[in-house]
file input.txt (compact mmCIF, C-alpha atoms)
# COMPACT_ATOMS: atom_id res chain seq x y z
CA MET A 1 130.26 91.73 92.97
CA THR A 2 130.33 93.14 96.45
CA ASP A 3 133.25 91.87 98.55
CA GLU A 4 131.43 91.78 101.86
CA PRO A 5 127.75 91.31 102.49
CA ILE A 6 125.98 94.60 103.08
CA THR A 7 123.06 93.02 104.84
CA PRO A 8 123.09 90.20 107.38
CA PRO A 9 121.67 87.05 105.82
CA ASP A 10 118.18 87.35 107.28
CA ARG A 11 116.17 85.02 105.07
CA ARG A 12 113.01 86.73 106.24
CA LEU A 13 113.93 89.79 104.17
CA ALA A 14 112.58 88.07 101.04
CA ALA A 15 109.03 88.57 102.38
CA TRP A 16 109.73 92.26 103.02
CA ARG A 17 111.06 92.77 99.50
CA ILE A 18 108.04 91.02 97.97
CA PHE A 19 105.75 93.24 100.06
CA LEU A 20 107.48 96.40 98.76
CA ARG A 21 107.44 95.16 95.18
CA ALA A 22 103.77 94.14 95.37
CA HIS A 23 102.85 97.61 96.60
CA ALA A 24 104.95 99.42 94.00
CA ARG A 25 103.59 97.33 91.12
CA VAL A 26 99.91 97.56 91.96
CA VAL A 27 100.07 101.28 92.72
CA ARG A 28 101.91 101.92 89.45
CA GLU A 29 99.26 100.01 87.49
CA LEU A 30 96.43 101.87 89.22
CA GLU A 31 98.12 105.23 88.62
CA GLN A 32 98.60 104.53 84.93
CA GLU A 33 95.05 103.26 84.41
CA LEU A 34 93.40 106.13 86.28
CA GLN A 35 95.48 108.67 84.36
CA ALA A 36 94.85 107.00 80.99
CA ASP A 37 91.12 106.36 81.40
CA GLN A 38 90.06 109.27 83.62
CA GLY A 39 92.85 111.86 83.37
CA MET A 40 93.12 111.79 87.15
CA ALA A 41 96.12 111.35 89.46
CA LEU A 42 95.79 108.61 92.06
CA THR A 43 96.76 111.05 94.83
CA ASP A 44 93.86 113.33 93.81
CA TYR A 45 91.50 110.35 93.77
CA ASP A 46 92.57 109.45 97.31
CA VAL A 47 91.70 112.95 98.55
CA LEU A 48 88.25 112.87 96.93
CA VAL A 49 87.53 109.42 98.42
CA GLN A 50 88.44 110.56 101.93
CA LEU A 51 86.25 113.67 101.69
CA ALA A 52 83.31 111.72 100.20
CA ALA A 53 83.41 109.28 103.11
CA ALA A 54 83.56 112.00 105.78
CA GLU A 55 80.62 113.52 107.59
CA GLU A 56 79.17 116.41 105.55
CA ARG A 57 81.84 115.52 102.98
CA ARG A 58 84.45 117.70 104.62
CA LEU A 59 87.54 117.27 106.76
CA ARG A 60 89.85 119.53 108.67
CA MET A 61 93.18 119.74 106.76
CA SER A 62 95.09 118.09 109.62
CA GLU A 63 92.60 115.20 109.72
CA LEU A 64 92.84 114.78 105.95
CA ALA A 65 96.65 114.64 106.24
CA ASP A 66 96.36 111.96 108.93
CA ARG A 67 93.99 109.82 106.89
CA LEU A 68 96.22 110.04 103.82
CA LEU A 69 99.36 109.52 105.94
CA LEU A 70 100.84 112.59 104.27
CA SER A 71 102.57 115.65 105.68
CA ARG A 72 100.51 118.78 106.19
CA SER A 73 102.45 120.59 103.45
CA GLY A 74 101.94 117.73 101.02
CA VAL A 75 98.18 117.81 101.60
CA THR A 76 98.07 121.60 101.21
CA ARG A 77 99.64 121.31 97.76
CA LEU A 78 97.22 118.56 96.74
CA VAL A 79 94.17 120.46 97.95
CA ASP A 80 95.34 123.72 96.31
CA ARG A 81 95.25 121.97 92.95
CA LEU A 82 91.86 120.37 93.56
CA VAL A 83 90.46 123.77 94.59
CA ALA A 84 91.79 125.28 91.35
CA ASP A 85 89.99 122.50 89.45
CA GLY A 86 86.75 123.15 91.32
CA LEU A 87 86.60 119.68 92.88
CA VAL A 88 87.24 120.83 96.47
CA GLU A 89 86.61 124.09 98.29
CA ARG A 90 88.10 125.53 101.43
CA VAL A 91 85.58 126.37 104.12
CA VAL A 92 85.63 127.98 107.54
CA CYS A 93 83.19 126.35 109.94
CA GLU A 94 80.87 128.37 112.14
CA ASP A 95 81.92 126.53 115.27
CA ASP A 96 85.64 126.23 114.53
CA ARG A 97 87.19 129.31 112.98
CA ARG A 98 90.71 128.23 113.81
CA GLY A 99 91.08 125.26 111.52
CA GLN A 100 90.90 125.19 107.75
CA TRP A 101 88.59 122.61 106.28
CA ALA A 102 88.48 121.02 102.83
CA SER A 103 85.02 120.25 101.46
CA LEU A 104 84.06 118.14 98.44
CA THR A 105 82.08 120.11 95.84
CA GLU A 106 79.22 118.66 93.80
CA THR A 107 81.59 118.70 90.83
CA GLY A 108 84.16 116.79 92.89
CA LEU A 109 81.59 114.19 93.88
CA ALA A 110 80.51 113.77 90.25
CA ARG A 111 84.17 113.37 89.16
CA LEU A 112 84.72 110.76 91.85
CA ARG A 113 81.62 108.80 90.80
CA GLN A 114 82.85 108.90 87.22
CA ALA A 115 86.38 107.76 88.09
CA SER A 116 85.68 105.12 90.72
CA PRO A 117 84.69 102.24 88.38
CA THR A 118 88.13 102.47 86.71
CA HIS A 119 89.90 102.46 90.06
CA LEU A 120 87.84 99.69 91.66
CA ALA A 121 88.14 97.45 88.62
CA GLY A 122 91.93 97.91 88.83
CA VAL A 123 92.03 97.11 92.55
CA ALA A 124 90.10 93.90 91.84
CA ARG A 125 92.18 92.91 88.81
CA HIS A 126 95.64 93.71 90.19
CA PHE A 127 95.09 92.79 93.83
CA LEU A 128 91.85 91.23 95.11
CA ASP A 129 91.35 88.67 92.34
CA ARG A 130 94.81 87.23 92.99
CA PHE A 131 93.67 85.73 96.29
CA SER A 132 91.21 82.98 97.10
CA PRO A 133 88.24 83.73 99.37
CA ASP A 134 90.12 81.97 102.19
CA GLU A 135 93.32 83.90 101.67
CA LEU A 136 91.96 87.43 101.83
CA PRO A 137 90.87 87.32 105.50
CA ALA A 138 94.23 85.72 106.39
CA LEU A 139 96.10 88.47 104.54
CA GLU A 140 93.97 91.13 106.20
CA ARG A 141 94.55 89.65 109.66
CA MET A 142 98.32 89.47 109.17
CA LEU A 143 98.74 92.95 107.70
CA SER A 144 96.48 94.54 110.28
CA ARG A 145 99.31 93.98 112.80
CA VAL A 146 101.58 96.14 110.66
CA ALA A 147 98.89 98.74 109.98
CA ALA A 148 97.92 99.24 113.64
CA GLU A 149 98.57 102.52 115.43
CA ARG A 150 101.64 102.47 117.62
CA MET B 1 77.01 111.52 105.64
CA THR B 2 77.09 110.68 101.98
CA ASP B 3 73.66 110.15 100.44
CA GLU B 4 74.60 107.41 98.04
CA PRO B 5 77.40 104.89 98.31
CA ILE B 6 80.45 105.95 96.29
CA THR B 7 81.88 102.46 96.16
CA PRO B 8 80.03 99.22 95.56
CA PRO B 9 79.86 97.19 98.76
CA ASP B 10 82.76 94.86 97.93
CA ARG B 11 83.68 93.49 101.33
CA ARG B 12 87.05 92.43 99.94
CA LEU B 13 88.11 96.08 99.85
CA ALA B 14 88.93 95.94 103.57
CA ALA B 15 91.97 93.78 102.76
CA TRP B 16 93.12 96.28 100.14
CA ARG B 17 92.80 99.20 102.56
CA ILE B 18 94.74 97.32 105.25
CA PHE B 19 97.47 96.56 102.70
CA LEU B 20 97.78 100.26 101.79
CA ARG B 21 97.78 101.32 105.42
CA ALA B 22 100.36 98.71 106.41
CA HIS B 23 102.67 99.93 103.66
CA ALA B 24 102.22 103.60 104.50
CA ARG B 25 102.79 103.06 108.21
CA VAL B 26 105.91 100.94 107.99
CA VAL B 27 107.51 103.13 105.31
CA ARG B 28 106.79 106.24 107.37
CA GLU B 29 108.37 104.68 110.46
CA LEU B 30 111.44 103.60 108.49
CA GLU B 31 111.78 107.05 106.91
CA GLN B 32 111.61 108.81 110.26
CA GLU B 33 114.08 106.46 111.95
CA LEU B 34 116.62 106.58 109.13
CA GLN B 35 116.41 110.37 109.02
CA ALA B 36 116.65 110.74 112.81
CA ASP B 37 119.45 108.22 113.41
CA GLN B 38 121.44 108.46 110.18
CA GLY B 39 120.42 111.75 108.56
CA MET B 40 119.55 109.81 105.42
CA ALA B 41 116.42 109.76 103.26
CA LEU B 42 114.91 106.32 102.62
CA THR B 43 114.87 106.98 98.86
CA ASP B 44 118.64 107.62 98.98
CA TYR B 45 119.17 104.45 100.98
CA ASP B 46 117.27 102.47 98.36
CA VAL B 47 119.55 103.76 95.59
CA LEU B 48 122.71 102.85 97.55
CA VAL B 49 121.38 99.33 98.28
CA GLN B 50 120.62 98.69 94.61
CA LEU B 51 124.07 99.84 93.51
CA ALA B 52 125.84 97.84 96.27
CA ALA B 53 124.08 94.66 95.16
CA ALA B 54 124.91 95.15 91.46
CA GLU B 55 127.91 93.75 89.62
CA GLU B 56 130.90 96.10 90.01
CA ARG B 57 128.57 98.20 92.18
CA ARG B 58 127.17 100.10 89.23
CA LEU B 59 124.00 100.20 87.17
CA ARG B 60 122.86 101.87 84.01
CA MET B 61 120.44 104.69 84.92
CA SER B 62 117.54 102.99 83.11
CA GLU B 63 118.19 99.72 84.98
CA LEU B 64 118.37 101.58 88.30
CA ALA B 65 115.01 103.23 87.52
CA ASP B 66 113.49 99.81 86.77
CA ARG B 67 114.75 98.29 89.99
CA LEU B 68 113.43 101.20 92.05
CA LEU B 69 110.16 101.26 90.07
CA LEU B 70 110.71 104.99 89.54
CA SER B 71 110.55 107.17 86.47
CA ARG B 72 113.80 107.98 84.69
CA SER B 73 113.49 111.65 85.66
CA GLY B 74 112.87 110.76 89.31
CA VAL B 75 116.02 108.65 89.40
CA THR B 76 118.06 111.39 87.72
CA ARG B 77 117.12 113.84 90.47
CA LEU B 78 117.96 111.32 93.19
CA VAL B 79 121.31 110.43 91.67
CA ASP B 80 122.21 114.09 91.09
CA ARG B 81 121.93 114.68 94.82
CA LEU B 82 123.92 111.57 95.74
CA VAL B 83 126.65 112.63 93.29
CA ALA B 84 126.79 116.06 94.95
CA ASP B 85 127.20 114.29 98.30
CA GLY B 86 130.04 112.11 96.95
CA LEU B 87 128.15 108.85 97.52
CA VAL B 88 127.62 108.01 93.85
CA GLU B 89 129.51 108.93 90.69
CA ARG B 90 128.47 108.97 87.07
CA VAL B 91 130.65 106.86 84.81
CA VAL B 92 130.86 106.14 81.12
CA CYS B 93 131.78 102.53 80.42
CA GLU B 94 134.44 101.56 77.89
CA ASP B 95 132.13 99.13 76.10
CA ASP B 96 128.95 101.17 76.24
CA ARG B 97 129.40 104.87 75.63
CA ARG B 98 125.72 105.45 74.92
CA GLY B 99 124.28 104.86 78.36
CA GLN B 100 124.96 106.76 81.56
CA TRP B 101 125.85 104.63 84.56
CA ALA B 102 125.69 105.33 88.27
CA SER B 103 128.48 103.83 90.37
CA LEU B 104 128.69 103.53 94.16
CA THR B 105 131.77 105.29 95.59
CA GLU B 106 133.80 103.99 98.54
CA THR B 107 132.26 106.79 100.58
CA GLY B 108 128.81 105.66 99.48
CA LEU B 109 129.53 102.07 100.47
CA ALA B 110 130.79 103.20 103.88
CA ARG B 111 127.64 105.33 104.38
CA LEU B 112 125.45 102.39 103.46
CA ARG B 113 127.27 100.07 105.88
CA GLN B 114 126.83 102.67 108.60
CA ALA B 115 123.12 103.20 107.91
CA SER B 116 121.99 99.63 107.26
CA PRO B 117 121.76 98.46 110.91
CA THR B 118 119.21 101.21 111.61
CA HIS B 119 117.18 100.29 108.55
CA LEU B 120 117.30 96.53 109.03
CA ALA B 121 116.40 96.79 112.71
CA GLY B 122 113.39 98.88 111.69
CA VAL B 123 112.30 96.38 109.03
CA ALA B 124 112.44 93.63 111.64
CA ARG B 125 110.65 95.63 114.35
CA HIS B 126 107.89 97.16 112.23
CA PHE B 127 107.31 94.30 109.80
CA LEU B 128 109.08 90.93 110.11
CA ASP B 129 108.68 90.44 113.86
CA ARG B 130 104.91 90.84 113.54
CA PHE B 131 104.60 87.48 111.81
CA SER B 132 105.16 83.95 113.02
CA PRO B 133 107.72 81.75 111.22
CA ASP B 134 104.79 79.98 109.53
CA GLU B 135 103.11 83.16 108.42
CA LEU B 136 106.01 84.78 106.59
CA PRO B 137 106.28 82.19 103.80
CA ALA B 138 102.47 82.31 103.40
CA LEU B 139 102.56 86.08 103.13
CA GLU B 140 105.44 85.94 100.66
CA ARG B 141 103.65 83.35 98.51
CA MET B 142 100.43 85.37 98.41
CA LEU B 143 102.04 88.73 97.69
CA SER B 144 104.35 87.30 95.04
CA ARG B 145 101.26 86.96 92.81
CA VAL B 146 100.74 90.72 93.04
CA ALA B 147 104.45 91.50 92.64
CA ALA B 148 104.95 89.38 89.51
CA GLU B 149 105.77 91.00 86.15
CA ARG B 150 102.80 91.32 83.83
call {"tool": "encode", "arguments": {"input": "input.txt", "output": "structure tokens"}}
result
Amino acid sequence: MTDEPITPPDRRLAAWRIFLRAHARVVRELEQELQADQGMALTDYDVLVQLAAAEERRLRMSELADRLLLSRSGVTRLVDRLVADGLVERVVCEDDRRGQWASLTETGLARLRQASPTHLAGVARHFLDRFSPDELPALERMLSRVAAER
Amino acid sequence: MTDEPITPPDRRLAAWRIFLRAHARVVRELEQELQADQGMALTDYDVLVQLAAAEERRLRMSELADRLLLSRSGVTRLVDRLVADGLVERVVCEDDRRGQWASLTETGLARLRQASPTHLAGVARHFLDRFSPDELPALERMLSRVAAER
């Protein structure tokens, strides 16, 4: 037993704790399923998805870091591994020799196509299917205020 | 431009992406503020909070890992650092010599009390204050379905 309360009794904190727990649980399930069924880490999957969605299937490293909300050094480590596996390659663009770019290879695109049914089925099962058609837009509207740039 | 769609056109995925982005943004803000104002990592803060809330301010390492939704090895590394800083100590309990326990020190409790206003103000500013009093219980009810044990 603690003698004094550590936190002020803000009853709203219950919603914050549920938000954290919801995120941790669903991400853990998705990680485990993707690893078990596809032998792929969720962080690697996220990189491949971002590159596949980008114009010419490539992104400057700094832009990739922004989209993944990761540090530049964290993204460099991720991409180094994907390059070693042949799923991504580093390119220097004709018109921009300063920045390093990461580009999805054909092998990377094929791996992503193979892995995405596992991931998307998990997102539906662990997250989307738990809400009614009315609830999802409400959830999206509320959370968009937290997700917005500031 | 990608030639073929990588993901099926499930319009519900927008809510999932907003959920991920909301989590990443608020956690990043909280991490930066806690580091800047208190020189403390958010992962360390989370360990101290769990121990402070536990009976006799201590938890078995496996229980601490469960509460933080971390692997056992991840928690061991975290606790090792907090022990080196004098905020946590390892104890062996009289009635349970098999398991290792982590116990919050007086220094650790004082550090937590010092750091918690920064953290709680951030949780309010970046998350709680963005919802109306009606919305928070709705959000909590919806996300509790995702957070539940399964």
call {"tool": "calpha_fit_and_write", "arguments": {"input": "input.txt", "fixed": "chain B", "moving": "chain A", "output": "mmCIF file with C-alpha atoms, keeping the file's coordinate frame"}}
result
data_model
loop_
_atom_site.group_PDB
_atom_site.id
_atom_site.type_symbol
_atom_site.label_atom_id
_atom_site.label_comp_id
_atom_site.auth_asym_id
_atom_site.auth_seq_id
_atom_site.Cartn_x
_atom_site.Cartn_y
_atom_site.Cartn_z
ATOM 1 C CA MET A 1 76.999 111.586 105.431
ATOM 2 C CA THR A 2 77.092 110.707 101.781
ATOM 3 C CA ASP A 3 73.638 110.172 100.254
ATOM 4 C CA GLU A 4 74.617 107.421 97.855
ATOM 5 C CA PRO A 5 77.415 104.926 98.179
ATOM 6 C CA ILE A 6 80.473 105.960 96.208
ATOM 7 C CA THR A 7 81.890 102.483 96.071
ATOM 8 C CA PRO A 8 80.052 99.216 95.478
ATOM 9 C CA PRO A 9 79.934 97.206 98.691
ATOM 10 C CA ASP A 10 82.824 94.883 97.883
ATOM 11 C CA ARG A 11 83.721 93.486 101.289
ATOM 12 C CA ARG A 12 87.081 92.441 99.910
ATOM 13 C CA LEU A 13 88.156 96.092 99.832
ATOM 14 C CA ALA A 14 88.942 95.934 103.565
ATOM 15 C CA ALA A 15 92.002 93.781 102.759
ATOM 16 C CA TRP A 16 93.149 96.293 100.133
ATOM 17 C CA ARG A 17 92.830 99.197 102.559
ATOM 18 C CA ILE A 18 94.770 97.324 105.253
ATOM 19 C CA PHE A 19 97.497 96.565 102.699
ATOM 20 C CA LEU A 20 97.810 100.274 101.798
ATOM 21 C CA ARG A 21 97.793 101.338 105.435
ATOM 22 C CA ALA A 22 100.377 98.711 106.417
ATOM 23 C CA HIS A 23 102.700 99.947 103.682
ATOM 24 C CA ALA A 24 102.230 103.624 104.524
ATOM 25 C CA ARG A 25 102.800 103.075 108.250
ATOM 26 C CA VAL A 26 105.915 100.942 108.024
ATOM 27 C CA VAL A 27 107.517 103.140 105.371
ATOM 28 C CA ARG A 28 106.790 106.253 107.437
ATOM 29 C CA GLU A 29 108.402 104.687 110.513
ATOM 30 C CA LEU A 30 111.467 103.607 108.538
ATOM 31 C CA GLU A 31 111.803 107.056 106.957
ATOM 32 C CA GLN A 32 111.630 108.805 110.310
ATOM 33 C CA GLU A 33 114.100 106.451 111.995
ATOM 34 C CA LEU A 34 116.643 106.571 109.171
ATOM 35 C CA GLN A 35 116.446 110.367 109.061
ATOM 36 C CA ALA A 36 116.683 110.731 112.849
ATOM 37 C CA ASP A 37 119.474 108.214 113.455
ATOM 38 C CA GLN A 38 121.479 108.468 110.224
ATOM 39 C CA GLY A 39 120.437 111.754 108.590
ATOM 40 C CA MET A 40 119.573 109.808 105.455
ATOM 41 C CA ALA A 41 116.432 109.763 103.295
ATOM 42 C CA LEU A 42 114.930 106.338 102.668
ATOM 43 C CA THR A 43 114.885 106.990 98.908
ATOM 44 C CA ASP A 44 118.655 107.640 98.994
ATOM 45 C CA TYR A 45 119.181 104.459 101.009
ATOM 46 C CA ASP A 46 117.259 102.477 98.389
ATOM 47 C CA VAL A 47 119.552 103.754 95.623
ATOM 48 C CA LEU A 48 122.707 102.849 97.562
ATOM 49 C CA VAL A 49 121.359 99.344 98.299
ATOM 50 C CA GLN A 50 120.597 98.685 94.634
ATOM 51 C CA LEU A 51 124.054 99.833 93.514
ATOM 52 C CA ALA A 52 125.819 97.843 96.269
ATOM 53 C CA ALA A 53 124.052 94.670 95.155
ATOM 54 C CA ALA A 54 124.860 95.156 91.459
ATOM 55 C CA GLU A 55 127.836 93.747 89.618
ATOM 56 C CA GLU A 56 130.839 96.084 89.987
ATOM 57 C CA ARG A 57 128.529 98.195 92.163
ATOM 58 C CA ARG A 58 127.136 100.096 89.213
ATOM 59 C CA LEU A 59 123.950 100.195 87.175
ATOM 60 C CA ARG A 60 122.810 101.856 84.007
ATOM 61 C CA MET A 61 120.383 104.688 84.939
ATOM 62 C CA SER A 62 117.478 102.982 83.150
ATOM 63 C CA GLU A 63 118.138 99.722 85.021
ATOM 64 C CA LEU A 64 118.322 101.585 88.329
ATOM 65 C CA ALA A 65 114.962 103.235 87.551
ATOM 66 C CA ASP A 66 113.442 99.823 86.810
ATOM 67 C CA ARG A 67 114.714 98.283 90.031
ATOM 68 C CA LEU A 68 113.413 101.198 92.095
ATOM 69 C CA LEU A 69 110.143 101.271 90.113
ATOM 70 C CA LEU A 70 110.682 104.994 89.608
ATOM 71 C CA SER A 71 110.515 107.177 86.518
ATOM 72 C CA ARG A 72 113.753 108.001 84.746
ATOM 73 C CA SER A 73 113.440 111.673 85.729
ATOM 74 C CA GLY A 74 112.831 110.783 89.360
ATOM 75 C CA VAL A 75 115.980 108.648 89.442
ATOM 76 C CA THR A 76 118.030 111.378 87.747
ATOM 77 C CA ARG A 77 117.096 113.821 90.506
ATOM 78 C CA LEU A 78 117.944 111.293 93.217
ATOM 79 C CA VAL A 79 121.298 110.411 91.686
ATOM 80 C CA ASP A 80 122.192 114.092 91.104
ATOM 81 C CA ARG A 81 121.927 114.666 94.840
ATOM 82 C CA LEU A 82 123.917 111.559 95.741
ATOM 83 C CA VAL A 83 126.645 112.615 93.287
ATOM 84 C CA ALA A 84 126.782 116.048 94.944
ATOM 85 C CA ASP A 85 127.226 114.283 98.301
ATOM 86 C CA GLY A 86 130.013 112.102 96.925
ATOM 87 C CA LEU A 87 128.158 108.830 97.522
ATOM 88 C CA VAL A 88 127.619 108.000 93.829
ATOM 89 C CA GLU A 89 129.496 108.921 90.672
ATOM 90 C CA ARG A 90 128.449 108.953 87.059
ATOM 91 C CA VAL A 91 130.587 106.819 84.787
ATOM 92 C CA VAL A 92 130.807 106.097 81.083
ATOM 93 C CA CYS A 93 131.688 102.481 80.365
ATOM 94 C CA GLU A 94 134.324 101.512 77.832
ATOM 95 C CA ASP A 95 132.014 99.102 76.060
ATOM 96 C CA ASP A 96 128.814 101.153 76.234
ATOM 97 C CA ARG A 97 129.280 104.853 75.613
ATOM 98 C CA ARG A 98 125.611 105.429 74.939
ATOM 99 C CA GLY A 99 124.175 104.829 78.371
ATOM 100 C CA GLN A 100 124.891 106.719 81.559
ATOM 101 C CA TRP A 101 125.802 104.605 84.534
ATOM 102 C CA ALA A 102 125.648 105.326 88.262
ATOM 103 C CA SER A 103 128.427 103.813 90.367
ATOM 104 C CA LEU A 104 128.669 103.525 94.156
ATOM 105 C CA THR A 105 131.752 105.274 95.569
ATOM 106 C CA GLU A 106 133.786 103.959 98.498
ATOM 107 C CA THR A 107 132.260 106.767 100.553
ATOM 108 C CA GLY A 108 128.790 105.644 99.460
ATOM 109 C CA LEU A 109 129.521 102.063 100.451
ATOM 110 C CA ALA A 110 130.807 103.191 103.856
ATOM 111 C CA ARG A 111 127.664 105.333 104.384
ATOM 112 C CA LEU A 112 125.464 102.387 103.470
ATOM 113 C CA ARG A 113 127.290 100.073 105.892
ATOM 114 C CA GLN A 114 126.861 102.681 108.604
ATOM 115 C CA ALA A 115 123.148 103.200 107.928
ATOM 116 C CA SER A 116 122.006 99.643 107.282
ATOM 117 C CA PRO A 117 121.781 98.451 110.926
ATOM 118 C CA THR A 118 119.232 101.223 111.630
ATOM 119 C CA HIS A 119 117.189 100.297 108.577
ATOM 120 C CA LEU A 120 117.304 96.526 109.073
ATOM 121 C CA ALA A 121 116.411 96.790 112.745
ATOM 122 C CA GLY A 122 113.381 98.881 111.713
ATOM 123 C CA VAL A 123 112.305 96.386 109.047
ATOM 124 C CA ALA A 124 112.457 93.624 111.671
ATOM 125 C CA ARG A 125 110.672 95.620 114.376
ATOM 126 C CA HIS A 126 107.907 97.148 112.246
ATOM 127 C CA PHE A 127 107.337 94.290 109.816
ATOM 128 C CA LEU A 128 109.113 90.925 110.116
ATOM 129 C CA ASP A 129 108.699 90.426 113.865
ATOM 130 C CA ARG A 130 104.930 90.825 113.543
ATOM 131 C CA PHE A 131 104.627 87.462 111.801
ATOM 132 C CA SER A 132 105.218 83.930 113.004
ATOM 133 C CA PRO A 133 107.762 81.736 111.201
ATOM 134 C CA ASP A 134 104.834 79.962 109.509
ATOM 135 C CA GLU A 135 103.156 83.150 108.387
ATOM 136 C CA LEU A 136 106.053 84.783 106.577
ATOM 137 C CA PRO A 137 106.344 82.190 103.773
ATOM 138 C CA ALA A 138 102.542 82.301 103.355
ATOM 139 C CA LEU A 139 102.618 86.098 103.107
ATOM 140 C CA GLU A 140 105.498 85.949 100.647
ATOM 141 C CA ARG A 141 103.715 83.371 98.484
ATOM 142 C CA MET A 142 100.493 85.394 98.379
ATOM 143 C CA LEU A 143 102.108 88.759 97.659
ATOM 144 C CA SER A 144 104.418 87.323 95.033
ATOM 145 C CA ARG A 145 101.328 86.999 92.792
ATOM 146 C CA VAL A 146 100.815 90.751 93.037
ATOM 147 C CA ALA A 147 104.513 91.540 92.636
ATOM 148 C CA ALA A 148 105.008 89.426 89.494
ATOM 149 C CA GLU A 149 105.810 91.016 86.145
ATOM 150 C CA ARG A 150 102.824 91.336 83.864
#
call {"tool": "residues_near_point", "arguments": {"input": "input.txt", "point": "(94.5, 111.2, 93.6)", "cutoff": "12 Å", "atoms": "only C-alpha atoms", "output": "ChimeraX atom specification"}}
result
/A:27,30-32,34-35,38-51,68,75,78-79,81-82,87,108,111-112,115-116,119
call {"tool": "closest_residue", "arguments": {"input": "input.txt", "among": "A:Ala36, A:Ala121, A:Ala102, A:Cys93", "to": "A:Asp80", "atoms": "only C-alpha atoms"}}
result
A:Ala102
call {"tool": "atom_distance", "arguments": {"input": "input.txt", "atom1": "atom CA of B:Arg72", "atom2": "atom CA of A:Asp37"}}
result
23.0 Å
call {"tool": "atom_distance", "arguments": {"input": "input.txt", "atom1": "atom CA of B:Asp85", "atom2": "atom CA of B:Ser71"}}
result
21.6 Å
call {"tool": "atom_distance", "arguments": {"input": "input.txt", "atom1": "atom CA of A:Glu29", "atom2": "atom CA of B:Leu64"}}
result
19.2 Å
